[in-house]
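Below is start26.csv, holding CSV, C-alpha atoms.
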```
chain,number,residue,atom,x,y,z
A,1,MET,CA,18.6,-11.6,3.0
A,2,GLN,CA,20.9,-13.7,5.1
A,3,ASN,CA,20.8,-17.5,4.8
A,4,ILE,CA,18.6,-18.1,7.8
A,5,GLY,CA,19.6,-21.8,7.9
A,6,MET,CA,22.9,-20.7,9.3
A,7,ILE,CA,21.4,-19.0,12.3
A,8,TYR,CA,17.9,-20.5,12.7
A,9,PRO,CA,16.7,-24.1,12.2
A,10,ASN,CA,15.4,-25.0,8.8
A,11,ASN,CA,11.8,-25.2,10.0
A,12,ILE,CA,11.9,-21.8,11.8
A,13,GLU,CA,9.1,-20.4,9.6
A,14,HIS,CA,6.8,-23.2,10.6
A,15,LYS,CA,7.8,-23.0,14.3
A,16,ILE,CA,6.9,-19.3,14.5
A,17,ASP,CA,3.7,-19.7,12.3
A,18,PHE,CA,5.2,-17.6,9.5
A,19,THR,CA,3.5,-20.1,7.1
A,20,VAL,CA,0.1,-19.2,8.8
A,21,ILE,CA,0.8,-15.5,8.3
A,22,ARG,CA,1.7,-16.1,4.6
A,23,ALA,CA,-1.5,-18.1,4.1
A,24,GLU,CA,-3.6,-15.3,5.7
A,25,LEU,CA,-1.9,-12.7,3.4
A,26,MET,CA,-2.5,-14.8,0.3
A,27,GLN,CA,-6.2,-15.0,1.1
A,28,ARG,CA,-6.3,-11.2,1.2
A,29,CYS,CA,-4.6,-10.7,-2.1
A,30,SER,CA,-6.9,-9.6,-4.9
A,31,SER,CA,-4.7,-10.7,-7.8
A,32,PRO,CA,-2.6,-13.7,-8.8
A,33,LEU,CA,0.4,-11.4,-8.9
A,34,GLY,CA,-0.1,-10.5,-5.2
A,35,ARG,CA,-0.5,-14.1,-4.3
A,36,GLU,CA,2.7,-15.1,-6.1
A,37,ARG,CA,4.6,-12.3,-4.4
A,38,VAL,CA,3.4,-13.4,-0.9
A,39,GLU,CA,4.1,-17.1,-1.7
A,40,ALA,CA,7.7,-16.1,-2.6
A,41,MET,CA,8.1,-14.1,0.7
A,42,GLN,CA,10.8,-15.3,3.1
A,43,MET,CA,11.4,-14.5,6.7
A,44,GLU,CA,13.7,-11.4,6.8
A,45,THR,CA,16.5,-11.3,9.3
A,46,GLU,CA,18.4,-8.1,8.5
A,47,TYR,CA,17.6,-5.5,11.2
A,48,GLU,CA,17.6,-2.5,8.9
A,49,THR,CA,15.3,-4.2,6.4
A,50,VAL,CA,12.9,-5.4,9.1
A,51,SER,CA,12.8,-1.9,10.7
A,52,ARG,CA,12.1,-0.3,7.3
A,53,LEU,CA,9.3,-2.7,6.5
A,54,LEU,CA,7.7,-2.2,10.0
A,55,LEU,CA,7.8,1.6,9.5
A,56,LEU,CA,6.3,1.2,6.0
A,57,THR,CA,3.6,-1.0,7.5
A,58,ASP,CA,2.9,1.6,10.3
A,59,GLN,CA,2.7,4.4,7.7
A,60,MET,CA,0.3,2.3,5.5
A,61,ARG,CA,-2.0,1.6,8.5
A,62,ALA,CA,-2.0,5.3,9.4
A,63,ALA,CA,-2.8,6.3,5.8
A,64,HIS,CA,-5.7,3.8,5.7
A,65,ALA,CA,-7.0,5.2,9.0
A,66,ASP,CA,-6.6,8.8,8.1
A,67,PRO,CA,-10.1,10.2,7.4
A,68,MET,CA,-8.5,12.9,5.1
A,69,LEU,CA,-7.1,10.3,2.7
A,70,THR,CA,-9.0,8.1,0.3
A,71,PHE,CA,-6.9,5.2,-0.7
A,72,PRO,CA,-7.4,4.4,-4.4
A,73,ARG,CA,-9.3,1.2,-5.3
A,74,GLY,CA,-8.7,-0.6,-8.5
A,75,GLU,CA,-7.8,-3.8,-10.2
A,76,ILE,CA,-4.5,-5.4,-11.1
A,77,HIS,CA,-4.7,-8.0,-13.8
A,78,ASP,CA,-2.1,-10.5,-14.8
A,79,VAL,CA,-1.2,-9.4,-18.3
A,80,ARG,CA,2.3,-11.1,-18.4
A,81,GLU,CA,1.2,-13.6,-21.0
A,82,GLY,CA,0.0,-11.0,-23.4
A,83,ILE,CA,3.0,-8.7,-22.8
A,84,ALA,CA,5.3,-11.7,-23.5
A,85,ARG,CA,3.5,-12.4,-26.7
A,86,ILE,CA,3.6,-8.9,-28.1
A,87,ARG,CA,7.4,-8.9,-27.9
A,88,ILE,CA,7.2,-11.0,-31.1
A,89,GLU,CA,6.9,-8.6,-34.1
A,90,GLY,CA,3.5,-8.7,-35.7
A,91,LEU,CA,1.6,-10.0,-32.6
A,92,PHE,CA,-0.8,-7.8,-30.6
A,93,LEU,CA,-3.0,-7.8,-27.5
A,94,ASP,CA,-6.6,-8.6,-28.1
A,95,GLU,CA,-9.3,-6.2,-26.8
A,96,ALA,CA,-9.8,-8.0,-23.5
A,97,GLU,CA,-6.0,-8.1,-22.8
A,98,LEU,CA,-5.6,-4.4,-23.8
A,99,ASP,CA,-8.6,-3.5,-21.5
A,100,ALA,CA,-7.1,-5.5,-18.6
A,101,LEU,CA,-3.8,-3.7,-19.2
A,102,ARG,CA,-5.6,-0.3,-19.2
A,103,HIS,CA,-7.3,-1.1,-15.9
A,104,SER,CA,-4.0,-2.2,-14.3
A,105,VAL,CA,-1.9,0.7,-15.6
A,106,SER,CA,-4.7,3.2,-14.6
A,107,TYR,CA,-4.8,1.8,-11.1
A,108,ALA,CA,-1.0,1.9,-10.9
A,109,ALA,CA,-1.0,5.5,-12.0
A,110,GLU,CA,-3.6,6.4,-9.3
A,111,LEU,CA,-1.5,4.7,-6.7
A,112,GLU,CA,1.6,6.5,-7.9
A,113,THR,CA,-0.3,9.9,-7.7
A,114,PHE,CA,-1.7,9.0,-4.2
A,115,PHE,CA,1.7,8.1,-2.7
A,116,ALA,CA,3.4,11.1,-4.3
A,117,GLY,CA,0.8,13.4,-2.8
A,118,LEU,CA,1.2,12.2,0.8
A,119,ASP,CA,2.6,14.5,3.5
A,120,GLU,CA,6.4,14.0,3.5
A,121,GLN,CA,6.8,14.4,7.2
A,122,ARG,CA,4.1,11.8,8.2
A,123,TYR,CA,4.4,9.4,5.3
A,124,SER,CA,8.0,9.6,4.1
A,125,LEU,CA,8.4,6.0,3.1
A,126,LEU,CA,5.0,5.7,1.5
A,127,ARG,CA,5.6,8.9,-0.3
A,128,SER,CA,8.8,7.5,-1.8
A,129,LEU,CA,6.7,4.8,-3.5
A,130,GLY,CA,5.1,7.5,-5.7
A,131,THR,CA,8.2,9.3,-6.7
A,132,THR,CA,9.7,7.4,-9.5
A,133,GLU,CA,11.8,8.6,-12.5
A,134,GLU,CA,9.0,7.2,-14.7
A,135,GLN,CA,6.3,9.3,-13.1
A,136,GLY,CA,3.8,10.3,-15.8
A,137,ILE,CA,4.5,7.5,-18.1
A,138,LEU,CA,1.7,5.4,-16.7
A,139,GLY,CA,-0.9,8.2,-17.3
A,140,SER,CA,0.5,8.6,-20.9
A,141,LEU,CA,0.1,4.9,-21.5
A,142,VAL,CA,-3.6,5.0,-20.3
A,143,LYS,CA,-4.3,7.9,-22.6
A,144,THR,CA,-2.8,6.0,-25.5
A,145,ILE,CA,-4.9,2.9,-24.8
A,146,ASN,CA,-8.0,5.1,-24.4
A,147,ARG,CA,-7.5,6.3,-28.0
A,148,VAL,CA,-7.8,2.7,-29.1
A,149,LEU,CA,-10.5,1.3,-26.8
A,150,ASP,CA,-13.9,2.7,-25.9
A,151,ARG,CA,-15.0,2.8,-22.3
A,152,TYR,CA,-16.5,-0.7,-22.7
A,153,GLY,CA,-13.2,-2.2,-23.7
A,154,ARG,CA,-14.0,-2.5,-27.4
A,155,LEU,CA,-12.0,-1.2,-30.3
A,156,ALA,CA,-13.0,2.4,-30.8
A,157,ASP,CA,-14.2,3.5,-34.2
A,158,SER,CA,-11.6,6.3,-34.0
A,159,ALA,CA,-8.7,3.9,-33.2
A,160,SER,CA,-7.3,4.5,-36.7
A,161,PRO,CA,-8.1,6.6,-39.8
A,162,GLU,CA,-9.1,3.4,-41.6
A,163,LEU,CA,-11.6,2.4,-38.9
A,164,SER,CA,-13.1,5.9,-38.9
A,165,ARG,CA,-13.5,5.7,-42.7
A,166,ILE,CA,-15.2,2.3,-42.5
```
When written as structure tokens, how does the structure in this file appear?
Amino acid sequence: MQNIGMIYPNNIEHKIDFTVIRAELMQRCSSPLGRERVEAMQMETEYETVSRLLLLTDQMRAAHADPMLTFPRGEIHDVREGIARIRIEGLFLDEAELDALRHSVSYAAELETFFAGLDEQRYSLLRSLGTTEEQGILGSLVKTINRVLDRYGRLADSASPELSRI
């Protein structure tokens, strides 16, 4: 993004009520991660970027309005603290953290599948959101977590041979 202070006054976001738009968006976010992302947003001044974002917005609105499509619903949990902790050898996620990760990754996999399955002509930009090099990794991670946790988010008896024996 360009340095908008060079072209626009420093208080341009306030003058055009961008701060009001940001506040409205933050209220609609369902997770702390979304709120942080919106809080960090800045006014964009690059024509190509603005055009792409507007087209992406148009496609998202059309997808939500399309009666033939069912947009996935799910939850995104903030699991950053747990993920940071398990980088230390010998530390693990507890059941609740692992279950939150399962829900988040499962929802991300559903979104990835939804976007990848969209009509390429009508939803070209949205479709590109679901076509990643890592496609399939999310589903594999969910399957791995499902072997450890039961559907209630508790450690499954079959999580390890020792637990099965006990």
Next on the checklist: Rounded to one decimal, what separation in Å do you get between atom CA of A:Tyr47 and atom CA of A:Gln59?
Outcome noted: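 Atom CA of A:Gln59 lies at a distance of 18.2 Å from atom CA of A:Tyr47.
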Contacts between stretch 73-78 of chain A and stretch 104-125 of chain A, please, where a residue of stretch 104-125 of chain A counts if it comes within 9 Å (with all atoms listed in the file); show its shortest atom pair and distance in Å to one decimal, rows by chain and ascending number, as JSON lines.
```
{"residue": "A:Ser104", "atom": "CA", "partner": "A:Ile76", "partner_atom": "CA", "distance": 4.6}
{"residue": "A:Val105", "atom": "CA", "partner": "A:Ile76", "partner_atom": "CA", "distance": 8.0}
{"residue": "A:Ser106", "atom": "CA", "partner": "A:Gly74", "partner_atom": "CA", "distance": 8.2}
{"residue": "A:Tyr107", "atom": "CA", "partner": "A:Gly74", "partner_atom": "CA", "distance": 5.3}
{"residue": "A:Ala108", "atom": "CA", "partner": "A:Ile76", "partner_atom": "CA", "distance": 8.1}
{"residue": "A:Glu110", "atom": "CA", "partner": "A:Arg73", "partner_atom": "CA", "distance": 8.7}
{"residue": "A:Leu111", "atom": "CA", "partner": "A:Arg73", "partner_atom": "CA", "distance": 8.7}
```
Item to check | Top pick for closest residue to A:Leu98, considering A:Leu69, A:Ala156, A:Leu118, A:Val148 and counting all atoms listed in the file | outcome: A:Val148
Checklist entry - In Å, how far is it from atom CA of A:Asn10 to atom CA of A:Gln42? => result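 So the answer is 12.2 Å.
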Checklist entry - When you draw a straight line from atom CA of A:Ala23 to atom CA of A:Glu48, how long is it in Å? => result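 According to the coordinates, atom CA of A:Ala23 and atom CA of A:Glu48 are separated by 25.1 Å.
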Keeping C-alpha atoms, write stretch 53-87 of chain A of the structure just shown out as a PDB file, in the first residue's frame.
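To be explicit, this is the file written out as decode.pdb:
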```
ATOM      1  CA  LEU A  53     -11.133  -6.361  -3.612  1.00  0.00           C
ATOM      2  CA  LEU A  54     -14.360  -4.885  -5.005  1.00  0.00           C
ATOM      3  CA  LEU A  55     -14.695  -7.767  -7.474  1.00  0.00           C
ATOM      4  CA  LEU A  56     -14.034 -10.247  -4.678  1.00  0.00           C
ATOM      5  CA  THR A  57     -16.728  -8.539  -2.593  1.00  0.00           C
ATOM      6  CA  ASP A  58     -19.197  -8.673  -5.500  1.00  0.00           C
ATOM      7  CA  GLN A  59     -18.515 -12.375  -5.974  1.00  0.00           C
ATOM      8  CA  MET A  60     -18.958 -13.078  -2.256  1.00  0.00           C
ATOM      9  CA  ARG A  61     -22.275 -11.212  -2.196  1.00  0.00           C
ATOM     10  CA  ALA A  62     -23.425 -13.149  -5.265  1.00  0.00           C
ATOM     11  CA  ALA A  63     -22.393 -16.464  -3.703  1.00  0.00           C
ATOM     12  CA  HIS A  64     -24.331 -15.660  -0.519  1.00  0.00           C
ATOM     13  CA  ALA A  65     -27.390 -14.720  -2.581  1.00  0.00           C
ATOM     14  CA  ASP A  66     -27.178 -17.779  -4.863  1.00  0.00           C
ATOM     15  CA  PRO A  67     -29.959 -20.198  -3.799  1.00  0.00           C
ATOM     16  CA  MET A  68     -27.969 -23.095  -5.287  1.00  0.00           C
ATOM     17  CA  LEU A  69     -25.073 -22.537  -2.899  1.00  0.00           C
ATOM     18  CA  THR A  70     -24.891 -23.182   0.817  1.00  0.00           C
ATOM     19  CA  PHE A  71     -22.097 -21.242   2.424  1.00  0.00           C
ATOM     20  CA  PRO A  72     -20.437 -23.327   5.157  1.00  0.00           C
ATOM     21  CA  ARG A  73     -21.036 -22.273   8.755  1.00  0.00           C
ATOM     22  CA  GLY A  74     -18.498 -22.982  11.417  1.00  0.00           C
ATOM     23  CA  GLU A  75     -16.260 -21.653  14.114  1.00  0.00           C
ATOM     24  CA  ILE A  76     -12.764 -20.225  14.113  1.00  0.00           C
ATOM     25  CA  HIS A  77     -11.054 -20.337  17.492  1.00  0.00           C
ATOM     26  CA  ASP A  78      -7.911 -18.509  18.504  1.00  0.00           C
ATOM     27  CA  VAL A  79      -5.461 -21.363  19.037  1.00  0.00           C
ATOM     28  CA  ARG A  80      -2.279 -19.316  18.639  1.00  0.00           C
ATOM     29  CA  GLU A  81      -1.286 -19.611  22.297  1.00  0.00           C
ATOM     30  CA  GLY A  82      -1.504 -23.398  22.265  1.00  0.00           C
ATOM     31  CA  ILE A  83       0.275 -23.672  18.933  1.00  0.00           C
ATOM     32  CA  ALA A  84       3.101 -21.471  20.215  1.00  0.00           C
ATOM     33  CA  ARG A  85       3.385 -23.626  23.343  1.00  0.00           C
ATOM     34  CA  ILE A  86       3.648 -26.949  21.495  1.00  0.00           C
ATOM     35  CA  ARG A  87       6.658 -25.712  19.587  1.00  0.00           C
TER      36      ARG A  87
END
```
